[in-house]
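Undergrad: What follows is coords-v2.cif, made up of mmCIF, C-alpha atoms:
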```
data_coords
#
loop_
_atom_site.label_atom_id
_atom_site.label_comp_id
_atom_site.auth_asym_id
_atom_site.auth_seq_id
_atom_site.Cartn_x
_atom_site.Cartn_y
_atom_site.Cartn_z
CA MET L 1 -34.27 -24.11 137.00
CA ALA L 2 -35.08 -21.61 134.29
CA SER L 3 -32.26 -20.70 131.98
CA ALA L 4 -31.31 -17.05 131.76
CA ALA L 5 -31.75 -15.22 128.43
CA VAL L 6 -28.51 -14.53 126.60
CA PRO L 7 -28.14 -10.79 125.85
CA GLY L 8 -26.26 -11.45 122.58
CA ASN L 9 -29.04 -13.60 121.12
CA ALA L 10 -31.68 -10.99 121.94
CA ASN L 11 -29.70 -8.37 120.07
CA VAL L 12 -29.35 -10.58 116.99
CA ASN L 13 -33.07 -11.32 116.88
CA ALA L 14 -33.91 -7.66 117.23
CA SER L 15 -31.57 -6.82 114.34
CA ARG L 16 -33.15 -9.43 112.14
CA GLU L 17 -36.65 -8.16 112.88
CA THR L 18 -35.62 -4.60 112.10
CA ALA L 19 -34.06 -5.63 108.77
CA SER L 20 -37.19 -7.55 107.82
CA ASN L 21 -39.40 -4.54 108.53
CA VAL L 22 -37.15 -2.26 106.49
CA ALA L 23 -37.21 -4.68 103.53
CA GLY L 24 -40.97 -4.97 103.72
CA THR L 25 -41.41 -1.22 103.77
CA ALA L 26 -39.08 -0.80 100.76
CA SER L 27 -40.99 -3.49 98.85
CA ASN L 28 -44.33 -1.79 99.52
CA GLN L 29 -42.94 1.57 98.44
CA SER L 30 -41.59 0.05 95.21
CA THR L 31 -44.94 -1.58 94.49
CA ASN L 32 -46.78 1.70 95.07
CA LEU L 33 -44.33 3.51 92.79
CA LEU L 34 -44.76 0.97 89.98
CA ASN L 35 -48.54 1.11 90.33
CA GLN L 36 -48.41 4.77 89.35
CA PHE L 37 -47.42 3.70 85.81
CA PRO L 38 -49.82 1.61 83.66
CA GLN L 39 -48.39 -1.77 82.75
CA SER L 40 -48.53 -2.59 79.02
CA SER L 41 -49.71 -5.90 77.70
CA PRO L 42 -49.97 -6.99 74.07
CA SER L 43 -53.72 -6.36 74.12
CA SER L 44 -53.41 -2.89 75.68
CA LEU L 45 -50.65 -1.58 73.40
CA PRO L 46 -51.79 1.39 71.30
CA PRO L 47 -52.51 0.63 67.61
CA PRO L 48 -49.76 1.53 65.14
CA LEU L 49 -49.86 5.01 63.69
CA PRO L 50 -51.44 5.23 60.22
CA PRO L 51 -48.95 5.61 57.33
CA THR L 52 -48.28 9.18 56.27
CA PRO L 53 -48.82 10.41 52.67
CA LEU L 54 -45.05 10.24 52.14
CA VAL L 55 -44.98 6.61 53.28
CA ASN L 56 -47.87 5.79 50.92
CA TYR L 57 -46.00 7.53 48.08
CA PHE L 58 -42.71 5.66 48.49
CA SER L 59 -44.55 2.37 49.04
CA GLY L 60 -46.30 2.96 45.72
CA VAL L 61 -42.93 3.47 44.01
CA LEU L 62 -41.82 0.01 45.12
CA GLY L 63 -45.18 -1.42 44.10
CA GLY L 64 -44.75 0.08 40.64
CA ILE L 65 -41.37 -1.63 40.21
CA SER L 66 -42.71 -5.04 41.22
CA VAL L 67 -45.85 -4.86 39.07
CA THR L 68 -43.82 -3.89 36.00
CA PHE L 69 -41.23 -6.65 36.15
CA VAL L 70 -43.82 -9.33 36.91
CA GLY L 71 -46.56 -8.15 34.58
CA HIS L 72 -44.96 -6.54 31.52
CA PRO L 73 -44.50 -9.75 29.45
CA PHE L 74 -48.20 -10.52 29.88
CA ASP L 75 -49.07 -6.93 28.99
CA THR L 76 -47.05 -7.09 25.77
CA ILE L 77 -49.01 -10.14 24.60
CA LYS L 78 -52.28 -8.55 25.69
CA VAL L 79 -51.70 -5.34 23.72
CA ARG L 80 -50.59 -7.20 20.60
CA LEU L 81 -53.70 -9.36 20.67
CA GLN L 82 -55.98 -6.37 21.28
CA THR L 83 -54.48 -4.23 18.50
CA GLN L 84 -53.52 -6.90 15.96
CA PRO L 85 -54.27 -6.20 12.30
CA THR L 86 -55.25 -8.79 9.73
CA ALA L 87 -52.65 -11.30 8.60
CA PRO L 88 -50.37 -10.44 5.63
CA THR L 89 -52.34 -12.95 3.54
CA GLY L 90 -55.48 -10.90 4.19
CA GLU L 91 -57.23 -13.88 5.76
CA GLY L 92 -58.04 -13.69 9.47
CA MET L 93 -56.09 -11.96 12.21
CA LEU L 94 -52.31 -11.94 12.58
CA TYR L 95 -52.34 -14.25 15.62
CA LYS L 96 -54.43 -17.41 15.82
CA SER L 97 -54.47 -17.50 19.63
CA THR L 98 -52.68 -16.34 22.77
CA VAL L 99 -50.25 -19.26 22.51
CA ASP L 100 -49.55 -18.40 18.88
CA CYS L 101 -48.82 -14.79 19.85
CA VAL L 102 -46.37 -15.97 22.53
CA LYS L 103 -44.67 -18.31 20.05
CA GLN L 104 -44.34 -15.68 17.33
CA THR L 105 -43.02 -13.11 19.81
CA PHE L 106 -40.40 -15.49 21.20
CA ARG L 107 -39.43 -16.84 17.75
CA GLY L 108 -38.99 -13.40 16.24
CA GLU L 109 -37.63 -11.39 19.17
CA GLY L 110 -36.56 -13.75 21.95
CA LEU L 111 -37.12 -12.91 25.60
CA ARG L 112 -36.44 -9.23 24.93
CA GLY L 113 -39.60 -9.12 22.85
CA PHE L 114 -41.75 -9.66 25.94
CA TYR L 115 -40.19 -6.57 27.52
CA ALA L 116 -40.67 -4.33 24.49
CA GLY L 117 -41.26 -0.77 25.65
CA VAL L 118 -40.57 -1.66 29.31
CA ALA L 119 -38.68 1.59 30.04
CA SER L 120 -41.81 3.70 29.74
CA PRO L 121 -44.01 1.64 32.07
CA LEU L 122 -41.16 1.05 34.54
CA LEU L 123 -40.47 4.75 35.00
CA GLY L 124 -44.12 5.56 34.57
CA GLN L 125 -45.41 2.93 36.97
CA MET L 126 -43.00 4.09 39.66
CA TYR L 127 -44.54 7.54 39.80
CA PHE L 128 -48.00 6.40 38.70
CA ARG L 129 -48.39 3.78 41.44
CA ALA L 130 -46.84 6.20 43.91
CA GLY L 131 -49.47 8.74 42.93
CA SER L 132 -52.33 6.23 42.85
CA PHE L 133 -51.69 4.72 46.29
CA ALA L 134 -51.02 8.10 47.85
CA ALA L 135 -54.17 9.48 46.18
CA PHE L 136 -56.38 6.56 47.21
CA HIS L 137 -55.42 6.70 50.88
CA TYR L 138 -55.65 10.50 50.93
CA ILE L 139 -59.07 10.49 49.24
CA HIS L 140 -60.24 7.67 51.50
CA ASP L 141 -59.26 9.72 54.57
CA ILE L 142 -61.33 12.64 53.22
CA VAL L 143 -64.31 10.37 52.49
CA GLU L 144 -64.08 8.84 55.96
CA SER L 145 -63.91 12.24 57.67
CA ASN L 146 -67.01 13.44 55.78
CA LEU L 147 -69.19 10.31 55.61
CA ASN L 148 -68.01 8.79 58.88
CA PRO L 149 -67.45 11.99 60.93
CA ASN L 150 -67.13 10.15 64.26
CA LEU L 151 -64.49 7.87 62.69
CA THR L 152 -66.18 4.89 64.33
CA THR L 153 -64.60 1.49 63.77
CA PRO L 154 -67.05 -0.78 61.90
CA ASN L 155 -68.27 -3.83 63.78
CA PRO L 156 -67.07 -6.82 61.67
CA SER L 157 -70.18 -8.79 62.62
CA SER L 158 -72.56 -5.99 61.59
CA PRO L 159 -73.74 -6.23 57.94
CA SER L 160 -74.83 -2.58 57.92
CA ASP L 161 -71.47 -1.37 59.27
CA ASN L 162 -69.59 -3.43 56.71
CA ALA L 163 -71.84 -2.24 53.88
CA SER L 164 -71.22 1.41 54.81
CA LYS L 165 -67.48 0.82 55.02
CA TYR L 166 -67.38 -0.88 51.62
CA LYS L 167 -69.45 1.87 50.01
CA ARG L 168 -66.92 4.44 51.22
CA LEU L 169 -64.08 2.30 49.82
CA ILE L 170 -65.82 2.03 46.43
CA LEU L 171 -66.41 5.79 46.30
CA SER L 172 -62.78 6.43 47.20
CA GLY L 173 -61.61 4.06 44.47
CA ALA L 174 -63.83 5.64 41.81
CA VAL L 175 -62.65 9.17 42.63
CA THR L 176 -59.04 7.95 42.63
CA GLY L 177 -59.56 6.43 39.17
CA SER L 178 -60.68 9.75 37.72
CA PHE L 179 -57.69 11.64 39.13
CA ILE L 180 -54.95 9.17 38.21
CA THR L 181 -56.04 9.07 34.56
CA ILE L 182 -53.94 12.21 34.06
CA LEU L 183 -50.87 10.29 35.23
CA GLU L 184 -51.64 7.02 33.49
CA ASN L 185 -52.65 8.11 29.99
CA PRO L 186 -49.20 9.28 28.75
CA ILE L 187 -47.63 6.04 30.06
CA ASP L 188 -50.17 3.88 28.23
CA VAL L 189 -49.89 5.85 24.99
CA ILE L 190 -46.10 5.43 24.82
CA LYS L 191 -46.24 1.78 25.89
CA THR L 192 -48.92 0.92 23.32
CA LYS L 193 -47.10 2.69 20.47
CA LEU L 194 -43.86 0.84 21.24
CA GLN L 195 -45.49 -2.56 21.71
CA VAL L 196 -47.19 -2.54 18.30
CA LEU L 197 -44.13 -1.46 16.28
CA ILE L 198 -42.84 -5.00 15.70
CA MET L 199 -46.32 -6.15 14.77
CA LYS L 200 -46.59 -3.46 12.10
CA GLU L 201 -43.25 -4.55 10.66
CA LYS L 202 -44.52 -8.12 10.37
CA VAL L 203 -47.53 -7.00 8.36
CA ASN L 204 -45.59 -4.54 6.17
CA LYS L 205 -41.97 -5.44 5.45
CA ASN L 206 -41.39 -1.93 4.08
CA TYR L 207 -42.65 -0.25 7.24
CA ILE L 208 -40.21 2.35 8.57
CA LYS L 209 -40.36 2.86 12.32
CA PRO L 210 -40.86 6.55 13.24
CA PHE L 211 -39.29 5.90 16.69
CA HIS L 212 -37.50 3.06 18.45
CA ASP L 213 -37.50 3.76 22.19
CA THR L 214 -39.26 5.80 24.88
CA PRO L 215 -37.41 9.13 24.40
CA SER L 216 -37.77 9.05 20.61
CA CYS L 217 -41.46 8.09 20.96
CA VAL L 218 -42.12 11.05 23.27
CA LYS L 219 -40.24 13.37 20.94
CA PHE L 220 -42.17 12.10 17.91
CA LEU L 221 -45.59 12.52 19.55
CA VAL L 222 -44.92 15.95 21.03
CA THR L 223 -43.32 17.24 17.81
CA LYS L 224 -46.18 16.03 15.65
CA TYR L 225 -49.19 16.55 17.92
CA GLY L 226 -47.99 18.72 20.78
CA VAL L 227 -48.45 17.71 24.41
CA GLY L 228 -51.93 16.50 23.44
CA GLY L 229 -50.27 13.60 21.65
CA LEU L 230 -49.51 12.07 25.04
CA PHE L 231 -53.19 12.26 25.96
CA HIS L 232 -54.57 10.50 22.91
CA GLY L 233 -57.38 8.19 24.07
CA PHE L 234 -57.86 10.09 27.33
CA THR L 235 -61.64 9.60 27.26
CA ALA L 236 -61.26 5.84 26.88
CA THR L 237 -58.79 5.69 29.76
CA LEU L 238 -61.16 7.69 31.98
CA ILE L 239 -64.14 5.48 31.08
CA ARG L 240 -62.11 2.41 32.03
CA ASN L 241 -60.44 3.83 35.13
CA ILE L 242 -63.48 4.93 37.12
CA PRO L 243 -65.20 1.51 37.37
CA ALA L 244 -61.88 -0.35 37.39
CA ASN L 245 -60.52 1.49 40.42
CA ALA L 246 -63.91 1.40 42.11
CA VAL L 247 -63.28 -2.34 42.52
CA PHE L 248 -59.46 -2.48 42.49
CA PHE L 249 -58.58 -0.94 45.87
CA PRO L 250 -61.81 -1.98 47.65
CA VAL L 251 -61.53 -5.68 46.71
CA ASN L 252 -58.03 -5.82 48.20
CA GLU L 253 -59.28 -4.31 51.47
CA ILE L 254 -62.45 -6.42 51.55
CA MET L 255 -60.49 -9.65 51.05
CA LYS L 256 -58.21 -8.68 53.93
CA ASP L 257 -61.27 -8.15 56.16
CA VAL L 258 -62.66 -11.56 55.17
CA ILE L 259 -59.41 -13.36 56.02
CA ILE L 260 -58.93 -11.45 59.30
CA LYS L 261 -62.48 -12.30 60.40
CA ARG L 262 -62.28 -15.94 59.30
CA ASN L 263 -58.97 -16.61 61.06
CA GLY L 264 -59.67 -14.49 64.13
CA TYR L 265 -56.67 -12.23 63.58
CA GLY L 266 -56.18 -9.20 65.77
CA GLY L 267 -55.46 -6.94 62.80
CA GLU L 268 -53.98 -6.56 59.35
CA ARG L 269 -50.39 -7.02 60.54
CA GLU L 270 -51.07 -10.68 61.27
CA LEU L 271 -51.72 -11.44 57.59
CA SER L 272 -49.10 -13.72 56.01
CA ILE L 273 -47.35 -12.94 52.73
CA LEU L 274 -49.40 -15.62 50.93
CA GLU L 275 -52.63 -14.09 52.23
CA ARG L 276 -51.53 -10.64 51.08
CA LEU L 277 -50.58 -12.02 47.65
CA GLY L 278 -54.00 -13.66 47.43
CA CYS L 279 -55.85 -10.45 48.31
CA GLY L 280 -53.91 -8.48 45.70
CA ALA L 281 -54.47 -11.20 43.11
CA CYS L 282 -58.24 -11.04 43.65
CA ALA L 283 -58.15 -7.27 43.29
CA GLY L 284 -56.13 -7.45 40.08
CA PHE L 285 -58.37 -10.13 38.57
CA SER L 286 -61.48 -8.06 39.34
CA TYR L 287 -59.88 -4.95 37.81
CA TRP L 288 -58.55 -6.36 34.56
CA VAL L 289 -60.98 -9.14 33.68
CA GLY L 290 -64.01 -7.15 34.78
CA THR L 291 -63.09 -4.20 32.57
CA CYS L 292 -61.53 -6.09 29.65
CA PRO L 293 -63.91 -4.66 26.99
CA LEU L 294 -63.20 -1.10 28.17
CA ASP L 295 -59.46 -1.77 28.18
CA CYS L 296 -59.65 -3.25 24.69
CA ILE L 297 -61.33 -0.09 23.34
CA LYS L 298 -58.70 2.05 25.08
CA SER L 299 -55.81 0.12 23.52
CA GLN L 300 -57.38 0.30 20.07
CA MET L 301 -57.94 4.06 20.35
CA MET L 302 -54.35 4.65 21.40
CA MET L 303 -53.06 2.63 18.46
CA THR L 304 -54.93 4.71 15.88
CA ARG L 305 -53.49 7.91 14.42
CA GLN L 306 -54.88 11.10 15.87
CA GLU L 307 -55.66 12.32 12.35
CA GLN L 308 -58.38 9.68 12.19
CA ASN L 309 -60.33 11.50 14.92
CA MET L 310 -61.75 8.25 16.30
CA THR L 311 -64.13 8.69 19.23
CA TRP L 312 -64.83 6.10 21.89
CA LEU L 313 -68.12 5.10 20.23
CA SER L 314 -66.71 4.99 16.70
CA THR L 315 -63.83 2.82 17.89
CA ALA L 316 -66.26 0.44 19.59
CA ARG L 317 -68.37 0.23 16.42
CA VAL L 318 -65.35 -0.61 14.24
CA MET L 319 -64.21 -3.27 16.68
CA TYR L 320 -67.67 -4.83 16.80
CA SER L 321 -67.80 -4.96 13.01
CA GLU L 322 -64.45 -6.78 13.01
CA GLY L 323 -65.36 -9.60 15.36
CA GLY L 324 -68.58 -9.08 17.27
CA ILE L 325 -68.67 -9.25 21.06
CA MET L 326 -65.62 -11.49 21.25
CA ARG L 327 -63.51 -8.74 19.66
CA PHE L 328 -63.78 -6.90 22.99
CA TYR L 329 -62.33 -9.90 24.83
CA GLN L 330 -59.23 -10.40 22.72
CA GLY L 331 -56.27 -10.56 25.05
CA VAL L 332 -58.38 -11.59 28.07
CA VAL L 333 -56.25 -14.71 28.71
CA PRO L 334 -52.92 -12.86 29.14
CA LEU L 335 -54.87 -10.12 30.91
CA ALA L 336 -56.12 -12.61 33.52
CA ALA L 337 -52.77 -14.39 33.70
CA ARG L 338 -51.00 -11.07 34.25
CA SER L 339 -53.40 -9.69 36.83
CA ILE L 340 -52.94 -12.49 39.36
CA PRO L 341 -49.14 -12.50 39.90
CA ALA L 342 -48.52 -8.85 39.02
CA CYS L 343 -51.18 -7.29 41.24
CA GLY L 344 -50.55 -9.82 43.99
CA ALA L 345 -46.88 -8.83 44.02
CA MET L 346 -47.71 -5.13 43.88
CA PHE L 347 -50.18 -5.06 46.78
CA ALA L 348 -47.98 -7.32 48.93
CA THR L 349 -44.97 -5.09 48.23
CA VAL L 350 -46.92 -1.95 49.10
CA ASP L 351 -48.29 -3.49 52.31
CA PHE L 352 -44.89 -4.54 53.60
CA ALA L 353 -43.32 -1.24 52.57
CA ARG L 354 -46.02 0.74 54.38
CA ASN L 355 -45.59 -1.34 57.54
CA TYR L 356 -41.79 -1.15 57.44
CA LEU L 357 -41.56 2.58 56.69
CA THR L 358 -44.18 3.43 59.31
CA THR L 359 -42.40 1.38 62.00
CA ASN L 360 -38.76 2.06 61.19
CA THR L 361 -38.57 5.55 59.70
CA ASN L 362 -39.71 9.10 60.45
CA LEU L 363 -41.32 9.68 57.05
#
```
So, in terms of structure tokens, how does the structure I just supplied come out?
TA:
Amino acid sequence: MASAAVPGNANVNASRETASNVAGTASNQSTNLLNQFPQSSPSSLPPPLPPTPLVNYFSGVLGGISVTFVGHPFDTIKVRLQTQPTAPTGEGMLYKSTVDCVKQTFRGEGLRGFYAGVASPLLGQMYFRAGSFAAFHYIHDIVESNLNPNLTTPNPSSPSDNASKYKRLILSGAVTGSFITILENPIDVIKTKLQVLIMKEKVNKNYIKPFHDTPSCVKFLVTKYGVGGLFHGFTATLIRNIPANAVFFPVNEIMKDVIIKRNGYGGERELSILERLGCGACAGFSYWVGTCPLDCIKSQMMMTRQEQNMTWLSTARVMYSEGGIMRFYQGVVPLAARSIPACGAMFATVDFARNYLTTNTNL
């Protein structure tokens, strides 16, 4: 005998079927709605916005602070070796070697001696590095827009693309070097004058210092020579700066490209702090060691009195007569030792500042 269907059970089943259909319809509508919006994945996220000129400027300020505190002791030894006079006995130079210069500086002046004249480069480097980094990136943008009008991204595996990119970097660096000479020359003049004061006292016990700090040095130079006193040796600074900056900024960028390609990184932001320090160190070494003779002539010109009317060539001739080719490499050891930590710290600081300010501020 067939059992009769229970009306209550039929109603329950019908209710369940209706609820299931409603849920399915709602799910399909939700899926269709979500499909109207593109879903982001790490690979499809837009690239970060390029740093603005203001970000590049403030990043350069921080870079100037780091390069000064790390590099100034080395710079003091370098300048004293490059501008040293003959010993008081009249036989040979004042310092026998780099180590001897370090010993004499520490013995006579303590740790403060290594930071002689630091106020000028600290204040100067803050605005100088700010100007140089802002100028380089601004000039590089102009070069890219004119020589790479389509703003195509170079293919890392294409030698011709890489060569074109590096040529534009070198041109940008050279142009930057010519412009920033106006900012750098007064800083170097004051720094050099202050760094050689103690050395002059060692040679001549009766020597009376015409100034003792940055403000008094500026006042002395401007009073005696006018504003032109701050631009003594400008030609020598320009001759050094153009080739120096033609390698300085490009080497840092090229080394980053090499590391990114070798390690298969997705971009510059994946570089570690050690890798950034290494890239900056290579750039600094190329800048300072590669242009040591030009830097030596610049330091010597700035040390001389303006009344002597020494030109770049006449300064080079005098230096050659004093010690031959090696005279142009005096101070190369502290120069190399300084360039690695100081420039590594500066470029790493600037990189992290640019990334942070671009991501976390509205500059």
Undergrad: I need the residue nearest L:Ile273 from this list: L:Phe352, L:Phe179, L:Trp288, L:Phe234. Use all atoms listed in the file for the distance.
TA: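 Smallest distance to L:Ile273 is found for L:Phe352.
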Undergrad: So how far away is atom CA of L:Pro121 from atom CA of L:Leu197, in Å?
TA: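 So the two atoms, atom CA of L:Leu197 and atom CA of L:Pro121, lie 16.1 Å apart.
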Undergrad: Using all atoms listed in the file, what residues lie at most 12 Å away from (-64.2, 7.6, 45.8) (file coordinates), given as a PyMOL selection string?
TA: chain L and resi 135-144+146-147+165-179+241-250
Undergrad: In terms of the shortest atom-to-atom distance over only C-alpha atoms, which of L:Met93, L:Ala130, L:Arg80, L:Phe69 is closest to L:Ala353?
TA: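 Between L:Met93, L:Ala130, L:Arg80, L:Phe69, the residue approaching L:Ala353 most closely is L:Ala130.
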Undergrad: Applying the PyMOL selection byres ((chain L and resi 217) around 10) to the file I just gave you, which residues come out? Please list them as a compact mmCIF listing (two decimals) with C-alpha atoms, in the coordinates of the input.
TA:
```txt
# COMPACT_ATOMS: atom_id res chain seq x y z
CA SER L 120 -41.81 3.70 29.74
CA VAL L 189 -49.89 5.85 24.99
CA ILE L 190 -46.10 5.43 24.82
CA LYS L 191 -46.24 1.78 25.89
CA LYS L 193 -47.10 2.69 20.47
CA LEU L 194 -43.86 0.84 21.24
CA PRO L 210 -40.86 6.55 13.24
CA PHE L 211 -39.29 5.90 16.69
CA HIS L 212 -37.50 3.06 18.45
CA ASP L 213 -37.50 3.76 22.19
CA THR L 214 -39.26 5.80 24.88
CA PRO L 215 -37.41 9.13 24.40
CA SER L 216 -37.77 9.05 20.61
CA VAL L 218 -42.12 11.05 23.27
CA LYS L 219 -40.24 13.37 20.94
CA PHE L 220 -42.17 12.10 17.91
CA LEU L 221 -45.59 12.52 19.55
CA VAL L 222 -44.92 15.95 21.03
CA THR L 223 -43.32 17.24 17.81
CA LEU L 230 -49.51 12.07 25.04
```
Undergrad: Using only C-alpha atoms for the distances, tell me which of L:Ala316, L:Val350, L:Leu122, L:Val333 is nearest to L:Ile77.
TA: L:Val333
Undergrad: Using the chain letters and residue numbers of this document, give as a list in words the residues selected by the PyMOL selection byres ((chain L and resi 232) around 8).
TA: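 Checked against the file, the PyMOL selection byres ((chain L and resi 232) around 8) matches Asn185, Val189, Gly228, Gly229, Leu230, Phe231, Gly233, Phe234, Met301, Met302 and Gln306 of chain L.
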Undergrad: Once the PyMOL selection byres ((chain L and resi 351) around 12) has been applied to the shown file, what residues remain in the selection, as a PyMOL selection string?
TA: chain L and resi 51+55-56+58-60+62-63+133+252-253+256+268-273+275-277+279-280+344-350+352-358
Undergrad: In Å to one decimal, how far is atom CA of L:Gln195 from atom CA of L:Pro73?
TA: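 Separating atom CA of L:Pro73 from atom CA of L:Gln195 is a distance of 10.6 Å.
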Undergrad: Grab the atom CA of L:Val258 to atom CA of L:Pro50 distance for me, in Å with one decimal place.
TA: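 Spanning atom CA of L:Val258 to atom CA of L:Pro50 is a straight-line distance of 20.8 Å.
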Undergrad: Per residue of stretch 46-102 of chain L within 12 Å of stretch 317-329 of chain L, record the nearest atom pair and its distance in Å to one decimal, counting all atoms listed in the file, with rows in chain order and ascending residue number, as CSV.
TA:
```
residue,atom,partner,partner_atom,distance
L:Lys78,CA,L:Tyr329,CA,10.2
L:Val79,CA,L:Tyr329,CA,11.6
L:Leu81,CA,L:Tyr329,CA,9.6
L:Gln82,CA,L:Phe328,CA,8.0
L:Thr83,CA,L:Met319,CA,9.9
L:Gln84,CA,L:Arg327,CA,10.8
L:Pro85,CA,L:Glu322,CA,10.2
L:Thr86,CA,L:Glu322,CA,10.0
L:Gly92,CA,L:Glu322,CA,10.1
L:Met93,CA,L:Glu322,CA,9.9
L:Thr98,CA,L:Tyr329,CA,11.8
```
Undergrad: Would you compute, for all listed atoms of stretch 171-176 of chain L, the axis-aligned bounding box grown by 4 Å on each side, and then report its centre and edge lengths in Å rounded to one decimal, as AutoDock Vina command-line options?
TA:
```
--center_x -62.7 --center_y 6.6 --center_z 44.5 --size_x 15.4 --size_y 13.1 --size_z 13.4
```
Undergrad: Which residue, L:Ile260, L:Ala281, L:Met310, L:Met199, has the smallest gap to L:Leu94 when you use only C-alpha atoms?
TA: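 Of L:Ile260, L:Ala281, L:Met310, L:Met199, the one nearest L:Leu94, counting only C-alpha atoms, is L:Met199.
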